[in-house]
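Colleague: Have a look at the structure that comes next, please.
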Protein chains: 2
Amino acid sequence: MNNIESTVVSSRIRLARNLADYPFPNRLSGVKQAKEIIRIVSAAASRLREFKLYYMDEITESVALSLRDDHLISAELAANRKYGAALIDEGDFEDFSSDRVADKISIMINEEDHLREQYIARGLNLTTAYLKISEMDDALSRSLRFAYDAQLGYLTACPTNLGTGLRASVMLFLPGLTRMNKMSKLIREISRLGHTVRGVYGEGSAAEGYMYQISNEVTLGVTEDYILSEVQKAVLEIVNLESQARRALVSEDYIGVKDGCRRAYGILTNCEKISYSEFLKLISDVKLGAALGFVQIEDVARIDELISSVRPANISLLSDEEMSALQRDILRAEKCRAALNESAK
Amino acid sequence: MNNIESTVVSSRIRLARNLADYPFPNRLSGVKQAKEIIRIVSAAASRLREFKLYYMDEITESVALSLRDDHLISAELAANRKYGAALIDEGDFEDFSSDRVADKISIMINEEDHLREQYIARGLNLTTAYLKISEMDDALSRSLRFAYDAQLGYLTACPTNLGTGLRASVMLFLPGLTRMNKMSKLIREISRLGHTVRGVYGEGSAAEGYMYQISNEVTLGVTEDYILSEVQKAVLEIVNLESQARRALVSEDYIGVKDGCRRAYGILTNCEKISYSEFLKLISDVKLGAALGFVQIEDVARIDELISSVRPANISLLSDEEMSALQRDILRAEKCRAALNESAK
């Protein structure tokens, strides 16, 4: 596992698009017009691939939260479910072998913009993700008329998305920088470069799971290629800093760090119940241990898949009946033991 | 593993004897007289078996503490090392197969009495232990003249040992009664029967490791057989109460108890460093787990041997050089992982 693989979890490209013939979602005349847009967009998209359509006002809270936690829809769409919908395709993509964790593609409808097209690829794959989503966007633009201005580019509800409508985000696992207390400084420096870094679980300093997301701020007056290459450059720099921080952490307290990683592995392979919060803390130490060679894990991607699958919302989906917190904790511990024993070399 | 095996750790018989021709140890004229007694006793004993002789004023503090922690000598002898000595035979006894944790025999010289002969047997084996120590005592009495009064029996420095000079003690592992908060009541009840129960690690309530020792109070005016059968009866009653308490504990919180035992096992099989106090807490939960069938351990006796071998004093004996607390914690973790992986079914 090289530094990039042990630091970059996934890459995401999102395009904001609007239909020229309809007012922005926050100005729609009502549910009827919203449903019309959902029908038009989903008809166009379904000609391209086998999307599953979720009407936000028809799905349960658990399903909405599960889609949100998997980053397939935004927190905003999950919270405001009257007008929105989501088209989801979670993989078995022909160009990936079946034992690989699949990439994911989704289109949110009537979130802030009529369309938010998004492609999530594993690892550092911004270019691939961009090519994939552009391909779909081009195909959609042949049947949908997007709001586009020759000078401004794509028109969006919020001016911060104007122009390319492109947001490139990379999910990073930064245990070294977090534990060496280097994150606040890094976040300040990255924001000076025109990017945003934020904790994925809880904003700010107490980023559980050592997970952060970096994304571009500027969408207007620059080309798509420029955005991608700037984010990529910043990511590579962070990967480098993270690798230094990990070395410093280990040289500061080799036994202490190894002990922490090994104990986390020991608990997760043996526990009978575990809360998501404790799980997240421990699995992050297991991932750190895998990166440092203290824990033998064959396929770290499977660990990231596990993290997603044992979230409260996803655990809840495993049973038709309402589960108690204890029942979820027991089920989580079961899945965790199974996944880690399977991942062991 | 039946209830007795999973509750009774070891049985100990101790005989207090004094030489008729010398004043009691606290009245000796000086070091010269003390050494004379050591010579006489050790000459007599060495004709019977291959004892190793430790002069208390010649051994290091670590060795003294190690003997004390293994219950081969008393805390008093370890603390007051001017006049005393100890004869130790730690096994390879012909009547035990080599893969069994050996029984132990020792004679303290010039502790409270001139001789304190002691036999420690694994499990509930008071009768065997008594037969073994009597056999040695009879042999010793042929070459040493013991202080004996036809009416009072064996004369001892302290009247509480007068008569038989016999103390029968049984070491008990009582996680169920401890965790169900039944120990203080039990201790009161047992003392009414003329026995003493005390925590092995720290007197009173906070008995670390769930370990307790029961022993007879009365030595005078009763026969040896009576003492043995009374202690045995009390032990069997406690085993029964412990077994009920374990069932109650598990039925109260099956998942919680199993989770605790499994996590303890996970940590002990993976940690890179561990203090004795944390180790003791966790290994006790592993032993409880083994008794309840939650943890697969083939030979619980090996676990008891591990508990002894990783005590601070015993760990210190592993190296000629002075070790730091961290070095001891690392060595302890290593031994612990090795022993548990070996004990796993």
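Identifiers in the structure tokens: chain A, B, ... in order shown; residue index from 1 per chain; ligand index from 1 in order shown.
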For chain B, report every residue with an atom at most 8 Å from chain A (counting only C-alpha atoms), formatted as a list of chain:residue names.

Modeller: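 Residues satisfying the distance criterion: B:Ile255, B:Gly256, B:Lys258, B:Asp259, B:Gly260, B:Arg262, B:Arg263, B:Ala264, B:Tyr265, B:Gly266, B:Ile267, B:Leu268, B:Thr269, B:Asn270, B:Cys271, B:Glu272, B:Lys273.
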
Colleague: Keeping C-alpha atoms for every residue in the selection just given, could you write it to a file as a PDB file, in the first residue's frame?

Modeller:
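Full text of again07.pdb as output:
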ATOM      1  CA  ILE B 255     -24.423  -9.790  25.650  1.00  0.00           C
ATOM      2  CA  GLY B 256     -22.769  -7.371  28.072  1.00  0.00           C
ATOM      3  CA  LYS B 258     -19.912 -11.957  26.757  1.00  0.00           C
ATOM      4  CA  ASP B 259     -18.811  -8.656  25.191  1.00  0.00           C
ATOM      5  CA  GLY B 260     -16.631  -7.859  28.208  1.00  0.00           C
ATOM      6  CA  ARG B 262     -14.404 -11.274  24.410  1.00  0.00           C
ATOM      7  CA  ARG B 263     -12.989  -7.737  24.407  1.00  0.00           C
ATOM      8  CA  ALA B 264     -10.622  -8.640  27.239  1.00  0.00           C
ATOM      9  CA  TYR B 265      -9.455 -11.610  25.168  1.00  0.00           C
ATOM     10  CA  GLY B 266      -9.086  -9.399  22.083  1.00  0.00           C
ATOM     11  CA  ILE B 267      -6.945  -6.883  23.932  1.00  0.00           C
ATOM     12  CA  LEU B 268      -4.748  -9.473  25.654  1.00  0.00           C
ATOM     13  CA  THR B 269      -4.064 -11.340  22.405  1.00  0.00           C
ATOM     14  CA  ASN B 270      -3.125  -8.112  20.621  1.00  0.00           C
ATOM     15  CA  CYS B 271      -1.680  -5.534  23.005  1.00  0.00           C
ATOM     16  CA  GLU B 272       1.949  -4.422  22.738  1.00  0.00           C
ATOM     17  CA  LYS B 273       2.247  -3.214  26.331  1.00  0.00           C
TER      18      LYS B 273
END

Colleague: Write down as a PyMOL selection string the residues belonging to range 166-317 of chain B that are assigned strand (DSSP E) by DSSP computed on the backbone.

Modeller: chain B and resi 166-173+195-199+211-216

Colleague: Skipping near chain neighbours, those fewer than 6 positions away, what residues fall within 7 Å of Ala129 in chain A using only C-alpha atoms, listed as a list in words?

Modeller: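 Everything that qualifies: Arg12, Ile13, Tyr119, Ile120 and Ala121 of chain A.
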
Colleague: Enter the distance from CA of Lys32 in chain A to CA of Ala64 in chain A, in Å, rounded to one decimal.

Modeller: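 Result for CA of Lys32 in chain A versus CA of Ala64 in chain A: 21.7 Å, one decimal.
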
Colleague: From a DSSP calculation on the backbone, collect every residue of range 211-331 of chain B in helix (DSSP H, G or I) and output the set as a VMD selection string.

Modeller: chain B and resid 224 to 252 254 to 268 276 to 292 300 to 309 312 to 316 325 to 331

Colleague: If we count only C-alpha atoms and set the cut-off at 8 Å, which residues sit around Tyr210 in chain B, ignoring sequence neighbours fewer than 3 positions away in its own chain? Please answer as a ChimeraX atom specification.

Modeller: /B:173-175,178,199,207,284

Colleague: Counting only C-alpha atoms, which residue out of A:Ala85, A:Val218, A:Leu186, A:Met1 sits closest to Phe51 in chain A?

Modeller: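 Closest to Phe51 in chain A, using only C-alpha atoms: A:Ala85.
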
Colleague: Might you pull out every residue within 8 Å of range 134-148 of chain A, with only C-alpha atoms counted and same-chain residues fewer than 2 positions away left off, and present them as a PyMOL selection string?

Modeller: chain A and resi 17-21+41+44-45+48+117+130-132+150+152-155

Colleague: Could you take the residues named above and write them with all heavy atoms, as a short mmCIF file (atom, residue, chain, number, x, y, z; two decimals), in the first residue's frame?

Modeller:
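Written file, again_22.cif:
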data_model
loop_
_atom_site.label_atom_id
_atom_site.label_comp_id
_atom_site.auth_asym_id
_atom_site.auth_seq_id
_atom_site.Cartn_x
_atom_site.Cartn_y
_atom_site.Cartn_z
N ARG A 17 -26.31 21.59 -12.64
CA ARG A 17 -26.96 21.95 -13.91
C ARG A 17 -28.40 22.33 -13.63
O ARG A 17 -29.02 21.84 -12.68
CB ARG A 17 -26.96 20.76 -14.89
CG ARG A 17 -25.56 20.26 -15.27
CD ARG A 17 -24.86 21.24 -16.20
NE ARG A 17 -23.58 20.71 -16.67
CZ ARG A 17 -22.39 21.08 -16.18
NH1 ARG A 17 -22.32 21.96 -15.17
NH2 ARG A 17 -21.28 20.59 -16.69
N ASN A 18 -28.94 23.22 -14.51
CA ASN A 18 -30.36 23.58 -14.39
C ASN A 18 -31.02 23.54 -15.75
O ASN A 18 -30.36 23.73 -16.79
CB ASN A 18 -30.50 24.98 -13.78
CG ASN A 18 -30.20 24.96 -12.28
OD1 ASN A 18 -31.04 24.59 -11.48
ND2 ASN A 18 -28.96 25.30 -11.92
N LEU A 19 -32.32 23.27 -15.74
CA LEU A 19 -33.07 23.24 -16.99
C LEU A 19 -33.43 24.68 -17.36
O LEU A 19 -33.87 25.46 -16.51
CB LEU A 19 -34.34 22.41 -16.82
CG LEU A 19 -34.10 20.95 -16.39
CD1 LEU A 19 -35.44 20.22 -16.23
CD2 LEU A 19 -33.20 20.22 -17.39
N ALA A 20 -33.23 25.01 -18.64
CA ALA A 20 -33.43 26.39 -19.09
C ALA A 20 -34.89 26.81 -18.98
O ALA A 20 -35.20 27.97 -18.73
CB ALA A 20 -32.94 26.54 -20.54
N ASP A 21 -35.81 25.83 -19.10
CA ASP A 21 -37.23 26.19 -19.21
C ASP A 21 -37.98 26.21 -17.89
O ASP A 21 -39.21 26.32 -17.87
CB ASP A 21 -37.91 25.21 -20.19
CG ASP A 21 -37.17 25.18 -21.52
OD1 ASP A 21 -36.67 26.25 -21.95
OD2 ASP A 21 -37.04 24.08 -22.09
N VAL A 41 -36.13 14.65 -16.12
CA VAL A 41 -34.73 14.30 -15.87
C VAL A 41 -34.56 12.79 -15.78
O VAL A 41 -33.64 12.21 -16.37
CB VAL A 41 -34.21 14.97 -14.58
CG1 VAL A 41 -32.81 14.46 -14.23
CG2 VAL A 41 -34.20 16.49 -14.73
N ALA A 44 -34.71 11.09 -19.17
CA ALA A 44 -33.48 11.28 -19.93
C ALA A 44 -32.35 10.41 -19.39
O ALA A 44 -31.61 9.77 -20.14
CB ALA A 44 -33.07 12.76 -19.90
N ALA A 45 -32.23 10.39 -18.05
CA ALA A 45 -31.12 9.66 -17.43
C ALA A 45 -31.29 8.15 -17.60
O ALA A 45 -30.30 7.43 -17.79
CB ALA A 45 -31.02 10.02 -15.95
N LEU A 48 -29.73 6.28 -20.32
CA LEU A 48 -28.27 6.16 -20.31
C LEU A 48 -27.76 5.00 -19.46
O LEU A 48 -26.82 4.32 -19.79
CB LEU A 48 -27.63 7.46 -19.82
CG LEU A 48 -28.06 8.72 -20.60
CD1 LEU A 48 -27.45 9.95 -19.96
CD2 LEU A 48 -27.64 8.59 -22.06
N GLU A 117 -25.24 16.24 -10.73
CA GLU A 117 -24.72 14.95 -11.20
C GLU A 117 -23.42 14.68 -10.46
O GLU A 117 -22.59 15.56 -10.30
CB GLU A 117 -24.43 15.02 -12.70
CG GLU A 117 -25.59 15.52 -13.54
CD GLU A 117 -25.12 15.87 -14.96
OE1 GLU A 117 -24.29 15.12 -15.50
OE2 GLU A 117 -25.60 16.89 -15.51
N TYR A 130 -14.12 12.68 -13.52
CA TYR A 130 -14.58 13.80 -14.35
C TYR A 130 -14.99 13.31 -15.74
O TYR A 130 -16.03 13.71 -16.27
CB TYR A 130 -13.50 14.88 -14.46
CG TYR A 130 -13.95 16.01 -15.34
CD1 TYR A 130 -15.00 16.85 -14.94
CD2 TYR A 130 -13.38 16.21 -16.60
CE1 TYR A 130 -15.47 17.86 -15.77
CE2 TYR A 130 -13.83 17.22 -17.42
CZ TYR A 130 -14.87 18.04 -17.02
OH TYR A 130 -15.34 19.03 -17.84
N LEU A 131 -14.19 12.42 -16.33
CA LEU A 131 -14.51 11.90 -17.66
C LEU A 131 -15.84 11.16 -17.64
O LEU A 131 -16.68 11.33 -18.53
CB LEU A 131 -13.39 10.98 -18.16
CG LEU A 131 -12.08 11.69 -18.52
CD1 LEU A 131 -11.00 10.68 -18.89
CD2 LEU A 131 -12.30 12.69 -19.67
N LYS A 132 -16.04 10.36 -16.61
CA LYS A 132 -17.28 9.58 -16.49
C LYS A 132 -18.50 10.50 -16.39
O LYS A 132 -19.52 10.28 -17.04
CB LYS A 132 -17.22 8.70 -15.22
CG LYS A 132 -16.19 7.61 -15.30
CD LYS A 132 -16.73 6.44 -16.08
CE LYS A 132 -15.68 5.33 -16.14
NZ LYS A 132 -16.14 4.24 -17.01
N ALA A 150 -23.23 32.17 -22.60
CA ALA A 150 -21.94 32.10 -23.31
C ALA A 150 -20.83 32.72 -22.48
O ALA A 150 -19.69 32.26 -22.50
CB ALA A 150 -22.05 32.79 -24.67
N LEU A 152 -21.09 33.56 -18.87
CA LEU A 152 -21.04 33.07 -17.48
C LEU A 152 -20.86 31.56 -17.38
O LEU A 152 -20.42 31.04 -16.36
CB LEU A 152 -22.32 33.46 -16.73
CG LEU A 152 -22.49 34.93 -16.39
CD1 LEU A 152 -23.89 35.18 -15.81
CD2 LEU A 152 -21.43 35.38 -15.39
N GLY A 153 -21.21 30.85 -18.46
CA GLY A 153 -21.18 29.39 -18.37
C GLY A 153 -22.49 28.85 -17.84
O GLY A 153 -23.55 29.47 -18.04
N TYR A 154 -22.44 27.72 -17.12
CA TYR A 154 -23.67 27.13 -16.59
C TYR A 154 -24.23 28.03 -15.51
O TYR A 154 -23.50 28.51 -14.64
CB TYR A 154 -23.40 25.72 -16.05
CG TYR A 154 -23.10 24.74 -17.16
CD1 TYR A 154 -21.79 24.36 -17.45
CD2 TYR A 154 -24.15 24.24 -17.96
CE1 TYR A 154 -21.52 23.47 -18.49
CE2 TYR A 154 -23.88 23.35 -19.00
CZ TYR A 154 -22.58 22.98 -19.26
OH TYR A 154 -22.31 22.11 -20.29
N LEU A 155 -25.55 28.24 -15.59
CA LEU A 155 -26.20 29.10 -14.59
C LEU A 155 -26.66 28.23 -13.42
O LEU A 155 -27.20 27.13 -13.62
CB LEU A 155 -27.40 29.81 -15.23
CG LEU A 155 -27.05 30.68 -16.44
CD1 LEU A 155 -28.31 31.33 -17.02
CD2 LEU A 155 -26.01 31.74 -16.07
#

Colleague: Which is closer to Ala339 in chain A than all the others in A:Ile227, A:Val250, A:Val310, A:Val197, using only C-alpha atoms?

Modeller: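 Ranking A:Ile227, A:Val250, A:Val310, A:Val197 by distance to Ala339 in chain A, first place goes to A:Val310.
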
Colleague: Env of Leu28 in chain A: 10 Å cut, atoms = only C-alpha atoms, seq-sep filter 5 positions within chain, self excluded. Answer as a PyMOL selection string.

Modeller: chain A and resi 22-23+33-34+83+110

Colleague: So, counting only C-alpha atoms, which residue among B:Thr164, B:Gln151, B:Asn2, B:Gln232 is closest to His195 in chain B?

Modeller: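 Among the listed residues, the smallest separation from His195 in chain B belongs to B:Gln232.
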
Colleague: As a ChimeraX atom specification, please: the residues near Met56 in chain B (cut-off 12 Å, only C-alpha atoms, same-chain neighbours under 3 positions excluded).

Modeller: /B:34-35,38,53,59-65,67-68,73-74,76-87,108-111
